[in-house]
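Let me begin by presenting the structure, written as structure tokens, before commenting on it.
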Amino acid sequence: MDIPLSEFLDQWGEVLKSQVITTMHPVYQPKAEDQWDAQAREQLGQLKRTPFEAQIRCGILPIARTLYKEDRKGAFLVGEMGAGKTIMSLAVAALDPKPAKRILIQCPGHLVRKWIREAEATLPGCTCINLNGRDMTLLLDHKHKPAKPRGTEIWVLGKERAKLHYQRKPGLMVRQGASCCPDCGAQVMVNLNDQAPVCEHCQARMWSADGGRNRRYAKAEFIKRYLPKGFFDLVILDEVHELKGGGTAQGQAMSCLIARSRKVLALTGTLMGGYVRREGA
């Protein structure tokens, strides 16, 4: 017999709710806040902008407890447009128990300046760094001599700047008309469609940067290759549904940033990339 969903929930909603709480063990319950939550609320009161109570209960405290009290590696913050994911994620970053912390925010390029404005308007005494330009000086300095953060540092990077890399070209040595590895000198068979060939004998990379095309270093690749693990205390990935796909450049850039961060917070308005599931589909 078919029963309307509203009628089913009216009859069995409380039973289902109690079963979910019993079996899933939620990390945060609004009606059972403890000392940790009280201290977190006191810290939130020190922000330049105080989040709404609904944002605290439905987003900030559950995520912060997951990352810092339960010591989980990552969390998702899912909320529709206008829910305040920006201020909620910045508030979560502020609840990191470390007095000095370095936060990396990756977002669409056109939102870089907005994130910086929001951070400056929310976090007292924070230092914001626009990492979205062409300049590599700051990253090079930390490559040669990694420094600990001073206070709260907010680094903001656009996802396009994070992923775009120089193009590659084969770097082979020709000997008596045969293609050879420039490292070991052995003759090799090369697929002309492979832009990054590897020697089958010594596993050396038989390619070099193509200076005649795109001349930029992907900053996400640089961060993973040259900066130490845990360099960032938290990476916030805005519009994370756009980064899905491990075989894509932006998916690989995301993995590079995650590899150098202690914690990960992913933001999205939809886990389905904008698609709505239709009943009966």
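Each chain in the structure tokens gets a letter, A, B, ..., in the order shown, and its residues are numbered from 1; ligands are numbered from 1 in order too.
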
Distance query Gln35 in chain A at most 12 Å, only C-alpha atoms, self and fewer than 5 positions along chain excluded, as number ranges by chain: A: 40-42, 65, 69

Using C-alpha atoms, can you write the selected residues to a file as a CSV table (one decimal), in the first residue's frame?
```csv
chain,number,residue,atom,x,y,z
A,40,ALA,CA,34.1,27.5,20.8
A,41,ARG,CA,31.2,29.9,21.2
A,42,GLU,CA,33.3,32.2,23.3
A,65,ARG,CA,34.3,19.4,16.3
A,69,LYS,CA,37.9,17.6,18.6
```

Write down as a PyMOL selection string the residues of range 85-274 of chain A whose backbone DSSP state falls under strand (DSSP E). chain A and resi 101-107+127-130+152-158+168-170+173-175+178-180+207-209+232-237+261-268

Just write the chosen residues, N, CA and C atoms, as a tab-separated table (two decimals), in the first residue's frame.
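And here is the file that came out, part05.tsv:
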```tsv
chain	number	residue	atom	x	y	z
A	101	LYS	N	48.51	29.89	12.67
A	101	LYS	CA	48.07	28.90	11.68
A	101	LYS	C	48.09	29.51	10.29
A	102	ARG	N	48.25	28.64	9.33
A	102	ARG	CA	48.31	29.06	7.93
A	102	ARG	C	47.18	28.35	7.18
A	103	ILE	N	46.27	29.14	6.64
A	103	ILE	CA	45.09	28.62	5.95
A	103	ILE	C	45.22	28.91	4.46
A	104	LEU	N	45.00	27.89	3.63
A	104	LEU	CA	44.99	28.07	2.18
A	104	LEU	C	43.57	27.93	1.67
A	105	ILE	N	43.13	28.89	0.89
A	105	ILE	CA	41.79	28.85	0.28
A	105	ILE	C	41.96	28.77	-1.23
A	106	GLN	N	41.42	27.72	-1.83
A	106	GLN	CA	41.39	27.64	-3.29
A	106	GLN	C	39.95	27.88	-3.74
A	107	CYS	N	39.78	28.80	-4.66
A	107	CYS	CA	38.45	29.19	-5.09
A	107	CYS	C	38.51	29.57	-6.57
A	127	THR	N	46.47	38.01	8.45
A	127	THR	CA	47.28	38.51	7.34
A	127	THR	C	46.84	37.77	6.08
A	128	CYS	N	46.36	38.51	5.09
A	128	CYS	CA	45.87	37.89	3.85
A	128	CYS	C	46.91	38.01	2.75
A	129	ILE	N	47.11	36.93	2.03
A	129	ILE	CA	48.10	36.87	0.96
A	129	ILE	C	47.41	36.43	-0.32
A	130	ASN	N	47.47	37.29	-1.34
A	130	ASN	CA	46.90	36.96	-2.65
A	130	ASN	C	47.94	36.16	-3.42
A	152	THR	N	47.54	34.42	12.29
A	152	THR	CA	46.66	33.74	11.34
A	152	THR	C	46.95	34.25	9.94
A	153	GLU	N	47.44	33.36	9.08
A	153	GLU	CA	47.74	33.70	7.69
A	153	GLU	C	46.69	33.08	6.78
A	154	ILE	N	46.14	33.88	5.90
A	154	ILE	CA	45.14	33.42	4.93
A	154	ILE	C	45.74	33.56	3.53
A	155	TRP	N	46.03	32.45	2.89
A	155	TRP	CA	46.55	32.44	1.53
A	155	TRP	C	45.40	32.09	0.60
A	156	VAL	N	45.19	32.89	-0.44
A	156	VAL	CA	44.07	32.66	-1.36
A	156	VAL	C	44.61	32.44	-2.77
A	157	LEU	N	44.18	31.34	-3.39
A	157	LEU	CA	44.68	30.93	-4.70
A	157	LEU	C	43.52	30.55	-5.60
A	158	GLY	N	43.49	31.09	-6.82
A	158	GLY	CA	42.47	30.72	-7.79
A	158	GLY	C	42.75	29.35	-8.37
A	168	ARG	N	54.83	20.49	-22.13
A	168	ARG	CA	56.02	19.66	-22.23
A	168	ARG	C	56.31	19.29	-23.68
A	169	LYS	N	57.57	19.02	-23.96
A	169	LYS	CA	57.97	18.54	-25.27
A	169	LYS	C	59.02	17.44	-25.07
A	170	PRO	N	59.02	16.45	-25.96
A	170	PRO	CA	59.99	15.35	-25.82
A	170	PRO	C	61.42	15.89	-25.89
A	173	MET	N	67.57	12.28	-27.58
A	173	MET	CA	68.86	12.40	-28.23
A	173	MET	C	68.86	11.48	-29.45
A	174	VAL	N	69.26	12.01	-30.60
A	174	VAL	CA	69.28	11.22	-31.83
A	174	VAL	C	70.72	10.78	-32.09
A	175	ARG	N	70.88	9.45	-32.23
A	175	ARG	CA	72.20	8.89	-32.48
A	175	ARG	C	72.09	7.90	-33.63
A	178	ALA	N	68.63	7.06	-34.72
A	178	ALA	CA	67.75	6.39	-33.76
A	178	ALA	C	67.52	7.29	-32.55
A	179	SER	N	66.32	7.22	-31.99
A	179	SER	CA	65.98	7.99	-30.79
A	179	SER	C	66.56	7.29	-29.57
A	180	CYS	N	67.30	8.06	-28.76
A	180	CYS	CA	67.96	7.49	-27.59
A	180	CYS	C	67.64	8.31	-26.34
A	207	TRP	N	61.74	14.36	-21.35
A	207	TRP	CA	61.00	15.53	-21.80
A	207	TRP	C	61.55	16.76	-21.09
A	208	SER	N	61.19	17.92	-21.62
A	208	SER	CA	61.59	19.19	-21.03
A	208	SER	C	60.46	20.20	-21.22
A	209	ALA	N	60.57	21.33	-20.52
A	209	ALA	CA	59.54	22.36	-20.65
A	209	ALA	C	59.62	23.02	-22.02
A	232	PHE	N	50.39	23.76	5.38
A	232	PHE	CA	49.14	24.46	5.67
A	232	PHE	C	48.40	23.68	6.75
A	233	ASP	N	47.81	24.41	7.69
A	233	ASP	CA	47.03	23.77	8.74
A	233	ASP	C	45.65	23.38	8.24
A	234	LEU	N	45.12	24.14	7.29
A	234	LEU	CA	43.80	23.85	6.74
A	234	LEU	C	43.74	24.34	5.31
A	235	VAL	N	43.22	23.53	4.41
A	235	VAL	CA	42.94	23.98	3.06
A	235	VAL	C	41.42	23.98	2.86
A	236	ILE	N	40.90	25.10	2.41
A	236	ILE	CA	39.47	25.25	2.14
A	236	ILE	C	39.28	25.22	0.63
A	237	LEU	N	38.51	24.27	0.15
A	237	LEU	CA	38.29	24.08	-1.28
A	237	LEU	C	36.89	24.57	-1.63
A	261	SER	N	48.48	19.74	3.40
A	261	SER	CA	47.65	20.35	4.44
A	261	SER	C	47.28	19.32	5.50
A	262	ARG	N	47.21	19.78	6.74
A	262	ARG	CA	46.84	18.89	7.85
A	262	ARG	C	45.36	18.54	7.82
A	263	LYS	N	44.52	19.53	7.48
A	263	LYS	CA	43.07	19.34	7.47
A	263	LYS	C	42.49	19.86	6.17
A	264	VAL	N	41.32	19.34	5.79
A	264	VAL	CA	40.67	19.73	4.54
A	264	VAL	C	39.20	20.04	4.81
A	265	LEU	N	38.75	21.18	4.29
A	265	LEU	CA	37.34	21.55	4.37
A	265	LEU	C	36.84	21.84	2.96
A	266	ALA	N	35.90	21.03	2.49
A	266	ALA	CA	35.36	21.17	1.14
A	266	ALA	C	34.01	21.86	1.19
A	267	LEU	N	33.83	22.90	0.37
A	267	LEU	CA	32.58	23.67	0.32
A	267	LEU	C	31.86	23.43	-0.99
A	268	THR	N	30.57	23.24	-0.92
A	268	THR	CA	29.79	23.10	-2.15
A	268	THR	C	28.32	23.39	-1.86
```

Find the residues around Ile63 in chain A up to 12 Å (only C-alpha atoms counted), leave out those fewer than 4 positions away in its own chain, and share them as a ChimeraX atom specification. /A:26-28,37,40,55-59,67-78,85,88-93,95-96,263-267

Those residues with N, CA, C and O atoms, as a compact mmCIF listing (two decimals), in the first residue's frame please?
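Below is the file that was written, part.txt:
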```txt
# COMPACT_ATOMS: atom_id res chain seq x y z
N PRO A 26 26.30 11.01 15.97
CA PRO A 26 26.69 12.35 15.48
C PRO A 26 27.71 13.00 16.41
O PRO A 26 27.64 12.84 17.64
N VAL A 27 28.65 13.72 15.83
CA VAL A 27 29.70 14.35 16.64
C VAL A 27 29.17 15.56 17.39
O VAL A 27 29.78 16.00 18.37
N TYR A 28 28.05 16.11 16.93
CA TYR A 28 27.50 17.30 17.58
C TYR A 28 25.99 17.18 17.70
O TYR A 28 25.31 16.80 16.74
N ASP A 37 32.09 22.99 23.26
CA ASP A 37 31.20 23.87 22.50
C ASP A 37 31.12 25.25 23.15
O ASP A 37 31.08 26.27 22.46
N ALA A 40 34.17 27.12 22.25
CA ALA A 40 34.12 27.50 20.84
C ALA A 40 33.20 28.71 20.64
O ALA A 40 33.53 29.64 19.89
N GLN A 55 23.84 29.29 11.65
CA GLN A 55 25.13 28.95 11.05
C GLN A 55 26.05 28.26 12.05
O GLN A 55 26.80 27.35 11.70
N ILE A 56 25.97 28.69 13.31
CA ILE A 56 26.80 28.07 14.34
C ILE A 56 26.37 26.63 14.59
O ILE A 56 27.20 25.71 14.64
N ARG A 57 25.06 26.42 14.75
CA ARG A 57 24.55 25.09 15.09
C ARG A 57 24.60 24.12 13.92
O ARG A 57 24.90 22.94 14.10
N CYS A 58 24.31 24.61 12.72
CA CYS A 58 24.18 23.71 11.57
C CYS A 58 25.47 23.57 10.76
O CYS A 58 25.57 22.65 9.93
N GLY A 59 26.44 24.46 10.98
CA GLY A 59 27.65 24.38 10.17
C GLY A 59 28.93 24.46 10.96
O GLY A 59 29.77 23.56 10.92
N LEU A 67 36.80 18.31 12.87
CA LEU A 67 38.21 18.52 12.51
C LEU A 67 39.13 18.58 13.72
O LEU A 67 40.22 17.99 13.70
N TYR A 68 38.70 19.28 14.76
CA TYR A 68 39.62 19.59 15.86
C TYR A 68 39.41 18.75 17.12
O TYR A 68 40.37 18.41 17.78
N LYS A 69 38.16 18.41 17.43
CA LYS A 69 37.94 17.59 18.62
C LYS A 69 38.02 16.11 18.29
O LYS A 69 38.64 15.33 19.01
N GLU A 70 37.40 15.70 17.18
CA GLU A 70 37.46 14.31 16.76
C GLU A 70 38.72 14.00 15.95
O GLU A 70 39.01 12.85 15.66
N ASP A 71 39.45 15.05 15.58
CA ASP A 71 40.72 14.93 14.86
C ASP A 71 40.57 14.17 13.53
O ASP A 71 41.38 13.31 13.19
N ARG A 72 39.53 14.49 12.79
CA ARG A 72 39.35 13.91 11.46
C ARG A 72 40.15 14.70 10.44
O ARG A 72 40.41 15.89 10.62
N LYS A 73 40.50 14.07 9.35
CA LYS A 73 41.31 14.72 8.31
C LYS A 73 40.50 15.76 7.53
O LYS A 73 41.02 16.83 7.19
N GLY A 74 39.25 15.46 7.21
CA GLY A 74 38.49 16.38 6.37
C GLY A 74 37.01 16.35 6.65
O GLY A 74 36.50 15.49 7.37
N ALA A 75 36.30 17.32 6.07
CA ALA A 75 34.86 17.43 6.24
C ALA A 75 34.27 18.19 5.06
O ALA A 75 34.97 18.96 4.39
N PHE A 76 32.99 17.96 4.81
CA PHE A 76 32.23 18.68 3.79
C PHE A 76 31.29 19.67 4.48
O PHE A 76 30.66 19.34 5.49
N LEU A 77 31.22 20.86 3.93
CA LEU A 77 30.22 21.84 4.35
C LEU A 77 29.33 22.10 3.14
O LEU A 77 29.75 22.74 2.17
N VAL A 78 28.11 21.56 3.19
CA VAL A 78 27.18 21.65 2.06
C VAL A 78 26.06 22.61 2.44
O VAL A 78 25.37 22.43 3.44
N LYS A 85 28.41 30.03 3.49
CA LYS A 85 29.51 29.06 3.58
C LYS A 85 30.85 29.77 3.80
O LYS A 85 31.75 29.22 4.45
N MET A 88 31.12 30.81 7.50
CA MET A 88 31.16 29.61 8.33
C MET A 88 32.52 28.93 8.24
O MET A 88 33.08 28.48 9.24
N SER A 89 33.08 28.84 7.03
CA SER A 89 34.38 28.19 6.88
C SER A 89 35.49 29.01 7.52
O SER A 89 36.42 28.46 8.12
N LEU A 90 35.41 30.34 7.44
CA LEU A 90 36.39 31.20 8.11
C LEU A 90 36.28 31.06 9.63
O LEU A 90 37.30 31.07 10.34
N ALA A 91 35.07 30.92 10.12
CA ALA A 91 34.88 30.72 11.56
C ALA A 91 35.45 29.37 12.00
O ALA A 91 36.05 29.27 13.08
N VAL A 92 35.29 28.36 11.16
CA VAL A 92 35.88 27.05 11.46
C VAL A 92 37.40 27.17 11.53
O VAL A 92 38.06 26.62 12.42
N ALA A 93 37.98 27.92 10.58
CA ALA A 93 39.44 28.13 10.59
C ALA A 93 39.87 28.85 11.87
O ALA A 93 40.94 28.54 12.44
N LEU A 95 38.66 28.55 14.75
CA LEU A 95 38.57 27.65 15.91
C LEU A 95 39.71 26.64 15.97
O LEU A 95 39.76 25.84 16.91
N ASP A 96 40.61 26.68 14.99
CA ASP A 96 41.80 25.84 15.08
C ASP A 96 42.54 26.18 16.37
O ASP A 96 42.84 27.35 16.63
N LYS A 263 44.52 19.53 7.48
CA LYS A 263 43.07 19.34 7.47
C LYS A 263 42.49 19.86 6.17
O LYS A 263 43.08 20.74 5.52
N VAL A 264 41.32 19.34 5.79
CA VAL A 264 40.67 19.73 4.54
C VAL A 264 39.20 20.04 4.81
O VAL A 264 38.51 19.26 5.48
N LEU A 265 38.75 21.18 4.29
CA LEU A 265 37.34 21.55 4.37
C LEU A 265 36.84 21.84 2.96
O LEU A 265 37.33 22.76 2.31
N ALA A 266 35.90 21.03 2.49
CA ALA A 266 35.36 21.17 1.14
C ALA A 266 34.01 21.86 1.19
O ALA A 266 33.13 21.46 1.97
N LEU A 267 33.83 22.90 0.37
CA LEU A 267 32.58 23.67 0.32
C LEU A 267 31.86 23.43 -0.99
O LEU A 267 32.49 23.43 -2.06
```

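Proximity ranking of A:Ala162, A:Val188, A:Cys202, A:Leu139 relative to Cys256 in chain A places A:Ala162 first, based on only C-alpha atoms.
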
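Nearest to Lys224 in chain A of all the residues A:His241, A:Lys48, A:Arg205, A:Lys143 is A:Lys143, counting only C-alpha atoms.
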
DSSP helix (DSSP H, G or I) selection over range 16-262 of chain A, as a VMD selection string: chain A and resid 16 to 24 30 to 32 35 to 44 53 to 69 85 to 94 109 to 122 137 to 144 159 to 163 219 to 226 240 to 243 249 to 259

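Using only C-alpha atoms, the shortest contact distance between Ala121 in chain A and any of A:Leu257, A:Leu138, A:Ile87, A:Ala147 is found at A:Ile87.
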
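For the residues A:Gly177, A:Gly45, A:Pro124, A:Gly269, ranking by smallest atom-to-atom distance to Glu80 in chain A using only C-alpha atoms places A:Gly269 first.
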
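Note that CA of Arg225 in chain A and CA of Asp135 in chain A are 17.5 Å apart.
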
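You can rank A:Leu123, A:Met189, A:Ala204, A:Ala64 by their closest distance to Pro97 in chain A using only C-alpha atoms, and at the top of that list sits A:Ala64.
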
May I ask which of the residues A:Val240, A:Ala119, A:Ala259, A:Ala94 is the closest one to Leu227 in chain A, counting only C-alpha atoms? A:Ala259
